[in-house]
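Peer 1: Got run18.cif for you, mmCIF, C-alpha atoms:
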data_data
loop_
_atom_site.label_atom_id
_atom_site.label_comp_id
_atom_site.auth_asym_id
_atom_site.auth_seq_id
_atom_site.Cartn_x
_atom_site.Cartn_y
_atom_site.Cartn_z
CA MET M 215 227.25 251.14 188.99
CA GLY M 216 227.37 252.24 185.35
CA LYS M 217 228.39 248.80 184.12
CA ALA M 218 225.74 247.10 186.24
CA PHE M 219 223.08 249.44 184.87
CA VAL M 220 224.15 248.74 181.29
CA ALA M 221 224.11 245.01 181.98
CA VAL M 222 220.57 245.23 183.36
CA ILE M 223 219.45 247.21 180.29
CA ILE M 224 221.00 244.62 177.99
CA VAL M 225 219.28 241.77 179.84
CA LEU M 226 215.94 243.57 179.70
CA VAL M 227 216.36 244.25 175.98
CA LEU M 228 217.19 240.59 175.33
CA ILE M 229 214.14 239.46 177.33
CA ALA M 230 211.97 241.90 175.40
CA LEU M 231 213.35 240.64 172.09
CA ILE M 232 212.76 237.02 173.06
CA PHE M 233 209.25 237.88 174.22
CA PHE M 234 208.50 239.77 171.03
CA ALA M 235 209.89 236.96 168.88
CA GLN M 236 207.65 234.47 170.67
CA TYR M 237 204.66 236.76 170.18
CA VAL M 238 205.37 237.04 166.46
CA SER M 239 205.79 233.27 166.18
CA VAL M 240 202.53 232.54 167.98
CA ARG M 241 200.67 235.20 166.01
CA ASN M 242 201.92 233.80 162.70
CA THR M 243 200.84 230.31 163.75
CA LEU M 244 197.42 231.63 164.73
CA VAL M 245 197.05 233.30 161.34
CA THR M 246 197.99 230.05 159.59
CA LYS M 247 195.57 227.94 161.64
CA ASN M 248 192.77 230.47 161.26
CA GLU M 249 193.24 230.49 157.48
CA ALA M 250 193.16 226.68 157.53
CA VAL M 251 189.78 226.85 159.29
CA LYS M 252 188.50 229.25 156.62
CA ALA M 253 189.76 226.98 153.84
CA ALA M 254 188.14 223.92 155.44
CA TRP M 255 184.87 225.77 155.79
CA SER M 256 185.08 226.85 152.15
CA GLN M 257 185.09 223.19 151.13
CA VAL M 258 182.06 222.52 153.33
CA ASP M 259 180.31 225.50 151.76
CA ILE M 260 180.98 224.16 148.26
CA VAL M 261 179.35 220.79 148.95
CA LEU M 262 176.42 222.42 150.76
CA GLN M 263 175.88 224.58 147.69
CA ARG M 264 176.10 221.50 145.49
CA ARG M 265 173.35 219.80 147.48
CA ALA M 266 171.22 222.95 147.42
CA ASP M 267 171.53 222.96 143.62
CA LEU M 268 170.31 219.36 143.39
CA ILE M 269 167.29 219.76 145.65
CA PRO M 270 164.98 221.72 143.27
CA ASN M 271 165.16 218.98 140.62
CA LEU M 272 164.55 216.32 143.26
CA VAL M 273 161.54 218.18 144.64
CA GLU M 274 160.09 218.75 141.17
CA THR M 275 160.38 215.04 140.41
CA VAL M 276 158.59 214.13 143.64
CA LYS M 277 155.90 216.73 142.96
CA GLY M 278 155.04 214.88 139.77
CA TYR M 279 153.76 212.02 141.95
CA ALA M 280 152.86 213.71 145.22
CA LYS M 281 151.64 217.24 144.51
CA GLN M 282 149.53 217.22 147.66
CA GLU M 283 152.58 217.09 149.99
CA GLN M 284 152.81 220.88 150.06
CA THR M 285 153.91 221.13 153.71
CA VAL M 286 157.06 219.11 153.08
CA PHE M 287 157.84 221.00 149.89
CA GLY M 288 157.34 224.31 151.68
CA ASP M 289 159.66 223.29 154.54
CA ILE M 290 162.37 222.27 152.08
CA ALA M 291 162.04 225.54 150.17
CA LYS M 292 162.31 227.59 153.37
CA ALA M 293 165.32 225.66 154.66
CA ARG M 294 167.06 225.86 151.29
CA SER M 295 166.42 229.60 151.08
CA ALA M 296 167.80 230.07 154.61
CA LEU M 297 170.91 228.10 153.68
CA LEU M 298 171.55 230.13 150.55
CA SER M 299 171.01 233.47 152.31
CA ALA M 300 173.02 232.63 155.44
CA GLY M 301 176.09 234.78 155.88
CA THR M 302 178.05 233.01 158.64
CA PRO M 303 179.06 229.40 159.26
CA GLN M 304 176.79 229.31 162.33
CA GLN M 305 173.81 230.41 160.25
CA LYS M 306 174.57 227.93 157.49
CA ILE M 307 175.01 225.08 159.96
CA ALA M 308 171.63 225.88 161.52
CA ALA M 309 169.93 226.13 158.12
CA ASN M 310 171.55 222.89 157.03
CA GLY M 311 170.10 221.15 160.08
CA GLN M 312 166.64 222.33 159.09
CA LEU M 313 167.23 221.12 155.55
CA ASP M 314 168.37 217.71 156.83
CA ASN M 315 165.12 217.31 158.72
CA ALA M 316 162.98 218.48 155.80
CA LEU M 317 164.71 216.09 153.40
CA GLY M 318 164.21 213.29 155.90
CA ARG M 319 160.46 213.92 155.83
CA LEU M 320 160.58 213.95 152.04
CA LEU M 321 162.02 210.43 152.10
CA VAL M 322 159.08 209.29 154.20
CA VAL M 323 156.78 210.68 151.51
CA VAL M 324 158.73 208.88 148.78
CA GLU M 325 158.16 205.53 150.50
CA ASN M 326 154.43 205.92 149.83
CA TYR M 327 154.90 206.17 146.06
CA PRO M 328 156.38 202.99 144.52
CA GLN M 329 156.12 204.43 141.00
CA LEU M 330 158.27 207.37 142.05
CA LYS M 331 160.92 205.05 143.48
CA SER M 332 161.26 203.40 140.06
CA ASN M 333 161.49 206.69 138.16
CA GLU M 334 164.84 206.87 136.34
CA ASN M 335 165.27 210.59 136.90
CA PHE M 336 164.56 210.16 140.61
CA LEU M 337 167.05 207.30 140.89
CA ARG M 338 169.72 209.40 139.17
CA LEU M 339 169.08 212.30 141.53
CA GLN M 340 169.23 209.89 144.47
CA ASP M 341 172.69 208.76 143.40
CA GLU M 342 173.93 212.32 142.93
CA LEU M 343 172.54 213.42 146.27
CA ALA M 344 174.00 210.36 148.00
CA GLY M 345 177.44 211.23 146.66
CA THR M 346 177.03 214.80 147.84
CA GLU M 347 175.92 213.66 151.31
CA ASN M 348 179.02 211.50 151.61
CA ARG M 349 181.20 214.43 150.56
CA ILE M 350 179.51 216.66 153.12
CA ALA M 351 180.32 214.13 155.84
CA VAL M 352 183.99 214.05 154.81
CA GLU M 353 184.38 217.82 154.61
CA ARG M 354 182.41 218.35 157.82
CA ARG M 355 184.73 216.04 159.73
CA ARG M 356 187.81 217.73 158.22
CA TYR M 357 186.46 221.18 159.11
CA ASN M 358 185.69 220.16 162.71
CA ASP M 359 189.17 218.67 163.13
CA THR M 360 190.79 221.83 161.77
CA LEU M 361 188.66 224.03 164.00
CA GLN M 362 189.46 221.93 167.05
CA ASP M 363 193.18 222.24 166.30
CA TYR M 364 192.84 226.04 166.11
CA ASN M 365 190.80 226.27 169.32
CA THR M 366 193.22 224.05 171.22
CA TYR M 367 196.16 226.21 170.18
CA VAL M 368 194.36 229.43 171.14
CA GLN M 369 193.60 228.14 174.65
CA MET M 370 197.05 226.73 175.45
CA PHE M 371 199.36 228.72 177.75
CA PRO M 372 201.09 231.04 176.90
CA HIS M 373 199.41 231.11 173.47
CA ASN M 374 196.18 232.33 175.07
CA ILE M 375 197.95 235.51 176.27
CA PHE M 376 199.40 236.28 172.86
CA ALA M 377 196.13 235.33 171.15
CA ALA M 378 194.23 237.84 173.29
CA TRP M 379 196.74 240.58 172.43
CA ALA M 380 196.51 239.74 168.72
CA GLY M 381 192.70 239.64 168.77
CA PHE M 382 192.26 235.90 168.18
CA LYS M 383 189.42 234.12 169.99
CA THR M 384 188.07 230.60 170.14
CA ASN M 385 185.56 229.69 167.44
CA ASP M 386 182.57 227.57 168.49
CA ALA M 387 181.12 227.14 164.97
CA TYR M 388 181.42 223.35 164.97
CA PHE M 389 179.39 221.45 162.40
CA LYS M 390 177.13 219.40 164.67
CA ALA M 391 174.32 216.98 163.91
CA ALA M 392 170.95 218.65 163.60
CA GLU M 393 168.53 218.60 166.51
CA GLY M 394 166.25 215.58 166.22
CA SER M 395 168.41 213.96 163.56
CA ARG M 396 168.13 210.64 165.40
CA GLU M 397 164.34 210.73 165.13
CA VAL M 398 164.11 211.90 161.53
CA PRO M 399 165.34 209.60 158.71
CA LYS M 400 168.70 210.74 157.40
CA VAL M 401 169.29 211.49 153.74
CA ASN M 402 170.94 208.23 152.80
CA PHE M 403 170.45 206.70 149.37
CA ASN M 404 173.10 204.01 149.64
CA SER M 405 170.65 201.11 149.77
CA PRO M 406 170.86 198.76 146.78
CA THR M 407 168.88 199.95 143.76
CA THR M 408 170.27 197.65 141.12
CA GLN M 409 166.81 196.63 140.03
CA ALA M 410 163.90 199.04 139.95
CA PRO M 411 160.72 197.72 141.59
CA THR M 412 157.70 196.94 139.47
CA PRO M 413 155.56 200.09 139.21
CA GLU M 414 152.44 199.99 141.34
CA PRO M 415 149.53 202.41 141.38
CA ALA M 416 150.00 205.21 143.88
CA PRO M 417 147.67 204.94 146.90
CA ALA M 418 144.74 207.28 146.98
CA ARG M 419 145.37 210.33 149.12
#
The structure in this file should be written as C-alpha cells.

Peer 2:
Amino acid sequence: MGKAFVAVIIVLVLIALIFFAQYVSVRNTLVTKNEAVKAAWSQVDIVLQRRADLIPNLVETVKGYAKQEQTVFGDIAKARSALLSAGTPQQKIAANGQLDNALGRLLVVVENYPQLKSNENFLRLQDELAGTENRIAVERRRYNDTLQDYNTYVQMFPHNIFAAWAGFKTNDAYFKAAEGSREVPKVNFNSPTTQAPTPEPAPAR
C-alpha cells in the first residue's frame, strides 16, 4: 500500500508539473503576442499622428480660397481634436473614421476651386498626405493581422483556459473602415498631377 501511494503521489506531481509547464508556456506566448499587438498599434498611432500634423496646413491652404466652407473646416477640427485626445485604440479608430469622412467632404470642396488645385503648396501637401494615407493602410492591415493572430490563440483550446487564468481576453479593437466610407470620397491623391491645370476664376459663392 505504501509503495502504491508513493507511486500515485509521484504521478500526480508529474501531471501537475506538466500542467504548470504548459500554463507557463501558453502564458509566455500570450504575453509575446499581446506585446506584438501593442507594437503594431504603436506604428498605426505614429502614422495617424503624422496625418493629424499635416491637416492644419492643408486646411489653411484651402481656407485661402474657400473661407466660406466653415462647416467642413469645423468638422475636420473636431475630428482631429477627438483623434489627438483619444486614449484607447477604439477611441482613436472611431475618431479616425470621423476624420476620414470630414476629409472626404473637403475634397469635394476642393473640386469647386480650380485655382486651389493648381496651388503648389496644396499639391505638395496632397503628395505628403497621399503617402501618409498609404502608410496608414499598410500599418492598419499589419495591426489587424497581428490582432487576429492574438485573438485566435486566446480562443483555441486549451489556450482559452490558461488565458482566462492569466487574465488575457480577446481584443475586438480592429481597425475597420469608417461608417459611410463607401458614400464619402476617400482621401486619395494618387491621380496624376504632372501638369497643373490652367488657373480659372473661382465660382461665385

Peer 1: Do you know which residues lie at most 12 Å from (165.4, 217.7, 144.7), with coordinates as in the file and all atoms listed in the file counted, and could you write them as number ranges by chain?

Peer 2: M: 264-278, 286-287, 290-291, 294, 313, 316-317, 320-321, 324, 335-344, 401

Peer 1: Between M:Asn310, M:Tyr279, M:Phe371, M:Arg355, which residue has the minimum interatomic distance to M:Pro328, considering only C-alpha atoms?

Peer 2: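 Looking only at the distances to M:Pro328, the closest residue turns out to be M:Tyr279.
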
Peer 1: Between atom CA of M:Leu361 and atom CA of M:Arg349, what is the distance in Å, rounded to a tenth?

Peer 2: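 Pair atom CA of M:Leu361 / atom CA of M:Arg349 returns 18.1 Å.
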
Peer 1: What is the distance between atom CA of M:Val258 and atom CA of M:Glu353, in Å to one decimal?

Peer 2: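 Answer for the atom CA of M:Val258 to atom CA of M:Glu353 separation: 5.4 Å.
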
Peer 1: Kindly resolve the PyMOL selection byres ((chain M and resi 306) around 12) on the present coordinates and return the residues as a ChimeraX atom specification.

Peer 2: /M:255-256,258-260,262-263,266,293-305,307-314,387-390,392

Peer 1: Taking into account only C-alpha atoms, which residue in the set M:Val222, M:Val227, M:Val245, M:Ala351 is nearest to M:Val261?

Peer 2: M:Ala351

Peer 1: When you draw a straight line from atom CA of M:Val238 to atom CA of M:Ile223, how long is it in Å?

Peer 2: 22.2 Å

Peer 1: Once the PyMOL selection byres ((chain M and resi 362) around 12) has been evaluated on this model, what residues remain selected, and can you format them as a list of chain:residue names?

Peer 2: M:Lys247, M:Asn248, M:Ala250, M:Val251, M:Ala254, M:Arg355, M:Arg356, M:Tyr357, M:Asn358, M:Asp359, M:Thr360, M:Leu361, M:Asp363, M:Tyr364, M:Asn365, M:Thr366, M:Tyr367, M:Val368, M:Gln369, M:Thr384, M:Asn385, M:Asp386, M:Ala387, M:Tyr388, M:Phe389

Peer 1: Can you work out which one of M:Leu330, M:Ile229, M:Leu244, M:Val352 has the shortest atom-to-atom distance to M:Ala377, counting all atoms listed in the file?

Peer 2: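 Ranked by minimum distance to M:Ala377, first place goes to M:Leu244.
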
Peer 1: What lies within 10 Å of M:Trp379 using only C-alpha atoms, ignoring chain neighbours under 5 positions off, as a PDB file with C-alpha atoms, in the frame of the given file?

Peer 2:
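What follows is the written file out26.pdb:
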ATOM      1  CA  TYR M 237     204.660 236.760 170.180  1.00  0.00           C
ATOM      2  CA  ARG M 241     200.670 235.200 166.010  1.00  0.00           C
ATOM      3  CA  HIS M 373     199.410 231.110 173.470  1.00  0.00           C
ATOM      4  CA  ASN M 374     196.180 232.330 175.070  1.00  0.00           C
TER       5      ASN M 374
END

Peer 1: Place N, CA and C atoms on stretch 336-363 of chain M and deliver the coordinates as a PDB file, in the coordinates of the input.

Peer 2:
ATOM      1  N   PHE M 336     164.477 210.152 139.151  1.00  0.00           N
ATOM      2  CA  PHE M 336     164.560 210.160 140.610  1.00  0.00           C
ATOM      3  C   PHE M 336     165.740 209.323 141.101  1.00  0.00           C
ATOM      4  N   LEU M 337     165.930 208.157 140.495  1.00  0.00           N
ATOM      5  CA  LEU M 337     167.050 207.300 140.890  1.00  0.00           C
ATOM      6  C   LEU M 337     168.388 207.973 140.621  1.00  0.00           C
ATOM      7  N   ARG M 338     168.473 208.686 139.490  1.00  0.00           N
ATOM      8  CA  ARG M 338     169.720 209.400 139.170  1.00  0.00           C
ATOM      9  C   ARG M 338     169.986 210.504 140.192  1.00  0.00           C
ATOM     10  N   LEU M 339     168.934 211.240 140.540  1.00  0.00           N
ATOM     11  CA  LEU M 339     169.080 212.300 141.530  1.00  0.00           C
ATOM     12  C   LEU M 339     169.435 211.732 142.904  1.00  0.00           C
ATOM     13  N   GLN M 340     168.877 210.576 143.225  1.00  0.00           N
ATOM     14  CA  GLN M 340     169.230 209.890 144.470  1.00  0.00           C
ATOM     15  C   GLN M 340     170.732 209.625 144.534  1.00  0.00           C
ATOM     16  N   ASP M 341     171.264 209.080 143.439  1.00  0.00           N
ATOM     17  CA  ASP M 341     172.690 208.760 143.400  1.00  0.00           C
ATOM     18  C   ASP M 341     173.550 210.010 143.548  1.00  0.00           C
ATOM     19  N   GLU M 342     173.166 211.075 142.847  1.00  0.00           N
ATOM     20  CA  GLU M 342     173.930 212.320 142.930  1.00  0.00           C
ATOM     21  C   GLU M 342     173.875 212.908 144.331  1.00  0.00           C
ATOM     22  N   LEU M 343     172.696 212.870 144.921  1.00  0.00           N
ATOM     23  CA  LEU M 343     172.540 213.420 146.270  1.00  0.00           C
ATOM     24  C   LEU M 343     173.276 212.569 147.289  1.00  0.00           C
ATOM     25  N   ALA M 344     173.269 211.245 147.092  1.00  0.00           N
ATOM     26  CA  ALA M 344     174.000 210.360 148.000  1.00  0.00           C
ATOM     27  C   ALA M 344     175.487 210.670 147.972  1.00  0.00           C
ATOM     28  N   GLY M 345     176.035 210.873 146.771  1.00  0.00           N
ATOM     29  CA  GLY M 345     177.440 211.230 146.660  1.00  0.00           C
ATOM     30  C   GLY M 345     177.747 212.547 147.337  1.00  0.00           C
ATOM     31  N   THR M 346     176.842 213.496 147.209  1.00  0.00           N
ATOM     32  CA  THR M 346     177.030 214.800 147.840  1.00  0.00           C
ATOM     33  C   THR M 346     176.959 214.679 149.360  1.00  0.00           C
ATOM     34  N   GLU M 347     176.036 213.860 149.864  1.00  0.00           N
ATOM     35  CA  GLU M 347     175.920 213.660 151.310  1.00  0.00           C
ATOM     36  C   GLU M 347     177.205 213.057 151.877  1.00  0.00           C
ATOM     37  N   ASN M 348     177.769 212.110 151.153  1.00  0.00           N
ATOM     38  CA  ASN M 348     179.020 211.500 151.610  1.00  0.00           C
ATOM     39  C   ASN M 348     180.149 212.530 151.627  1.00  0.00           C
ATOM     40  N   ARG M 349     180.162 213.390 150.620  1.00  0.00           N
ATOM     41  CA  ARG M 349     181.200 214.430 150.560  1.00  0.00           C
ATOM     42  C   ARG M 349     181.026 215.439 151.688  1.00  0.00           C
ATOM     43  N   ILE M 350     179.773 215.755 152.006  1.00  0.00           N
ATOM     44  CA  ILE M 350     179.510 216.660 153.120  1.00  0.00           C
ATOM     45  C   ILE M 350     180.062 216.074 154.415  1.00  0.00           C
ATOM     46  N   ALA M 351     179.836 214.788 154.614  1.00  0.00           N
ATOM     47  CA  ALA M 351     180.320 214.130 155.840  1.00  0.00           C
ATOM     48  C   ALA M 351     181.832 214.204 155.940  1.00  0.00           C
ATOM     49  N   VAL M 352     182.524 213.996 154.810  1.00  0.00           N
ATOM     50  CA  VAL M 352     183.990 214.050 154.810  1.00  0.00           C
ATOM     51  C   VAL M 352     184.480 215.453 155.118  1.00  0.00           C
ATOM     52  N   GLU M 353     183.932 216.439 154.424  1.00  0.00           N
ATOM     53  CA  GLU M 353     184.380 217.820 154.610  1.00  0.00           C
ATOM     54  C   GLU M 353     183.986 218.355 155.977  1.00  0.00           C
ATOM     55  N   ARG M 354     182.835 217.926 156.488  1.00  0.00           N
ATOM     56  CA  ARG M 354     182.410 218.350 157.820  1.00  0.00           C
ATOM     57  C   ARG M 354     183.383 217.854 158.880  1.00  0.00           C
ATOM     58  N   ARG M 355     183.786 216.598 158.770  1.00  0.00           N
ATOM     59  CA  ARG M 355     184.730 216.040 159.730  1.00  0.00           C
ATOM     60  C   ARG M 355     186.086 216.751 159.632  1.00  0.00           C
ATOM     61  N   ARG M 356     186.535 217.031 158.412  1.00  0.00           N
ATOM     62  CA  ARG M 356     187.810 217.730 158.220  1.00  0.00           C
ATOM     63  C   ARG M 356     187.752 219.147 158.799  1.00  0.00           C
ATOM     64  N   TYR M 357     186.631 219.819 158.587  1.00  0.00           N
ATOM     65  CA  TYR M 357     186.460 221.180 159.110  1.00  0.00           C
ATOM     66  C   TYR M 357     186.472 221.161 160.640  1.00  0.00           C
ATOM     67  N   ASN M 358     185.729 220.235 161.247  1.00  0.00           N
ATOM     68  CA  ASN M 358     185.690 220.160 162.710  1.00  0.00           C
ATOM     69  C   ASN M 358     187.059 219.868 163.298  1.00  0.00           C
ATOM     70  N   ASP M 359     187.823 218.988 162.652  1.00  0.00           N
ATOM     71  CA  ASP M 359     189.170 218.670 163.130  1.00  0.00           C
ATOM     72  C   ASP M 359     190.078 219.894 163.048  1.00  0.00           C
ATOM     73  N   THR M 360     189.978 220.630 161.944  1.00  0.00           N
ATOM     74  CA  THR M 360     190.790 221.830 161.770  1.00  0.00           C
ATOM     75  C   THR M 360     190.416 222.899 162.785  1.00  0.00           C
ATOM     76  N   LEU M 361     189.127 223.049 163.026  1.00  0.00           N
ATOM     77  CA  LEU M 361     188.660 224.030 164.000  1.00  0.00           C
ATOM     78  C   LEU M 361     189.085 223.656 165.412  1.00  0.00           C
ATOM     79  N   GLN M 362     189.026 222.376 165.728  1.00  0.00           N
ATOM     80  CA  GLN M 362     189.460 221.930 167.050  1.00  0.00           C
ATOM     81  C   GLN M 362     190.949 222.198 167.254  1.00  0.00           C
ATOM     82  N   ASP M 363     191.744 221.981 166.216  1.00  0.00           N
ATOM     83  CA  ASP M 363     193.180 222.240 166.300  1.00  0.00           C
ATOM     84  C   ASP M 363     193.438 223.726 166.581  1.00  0.00           C
TER      85      ASP M 363
END
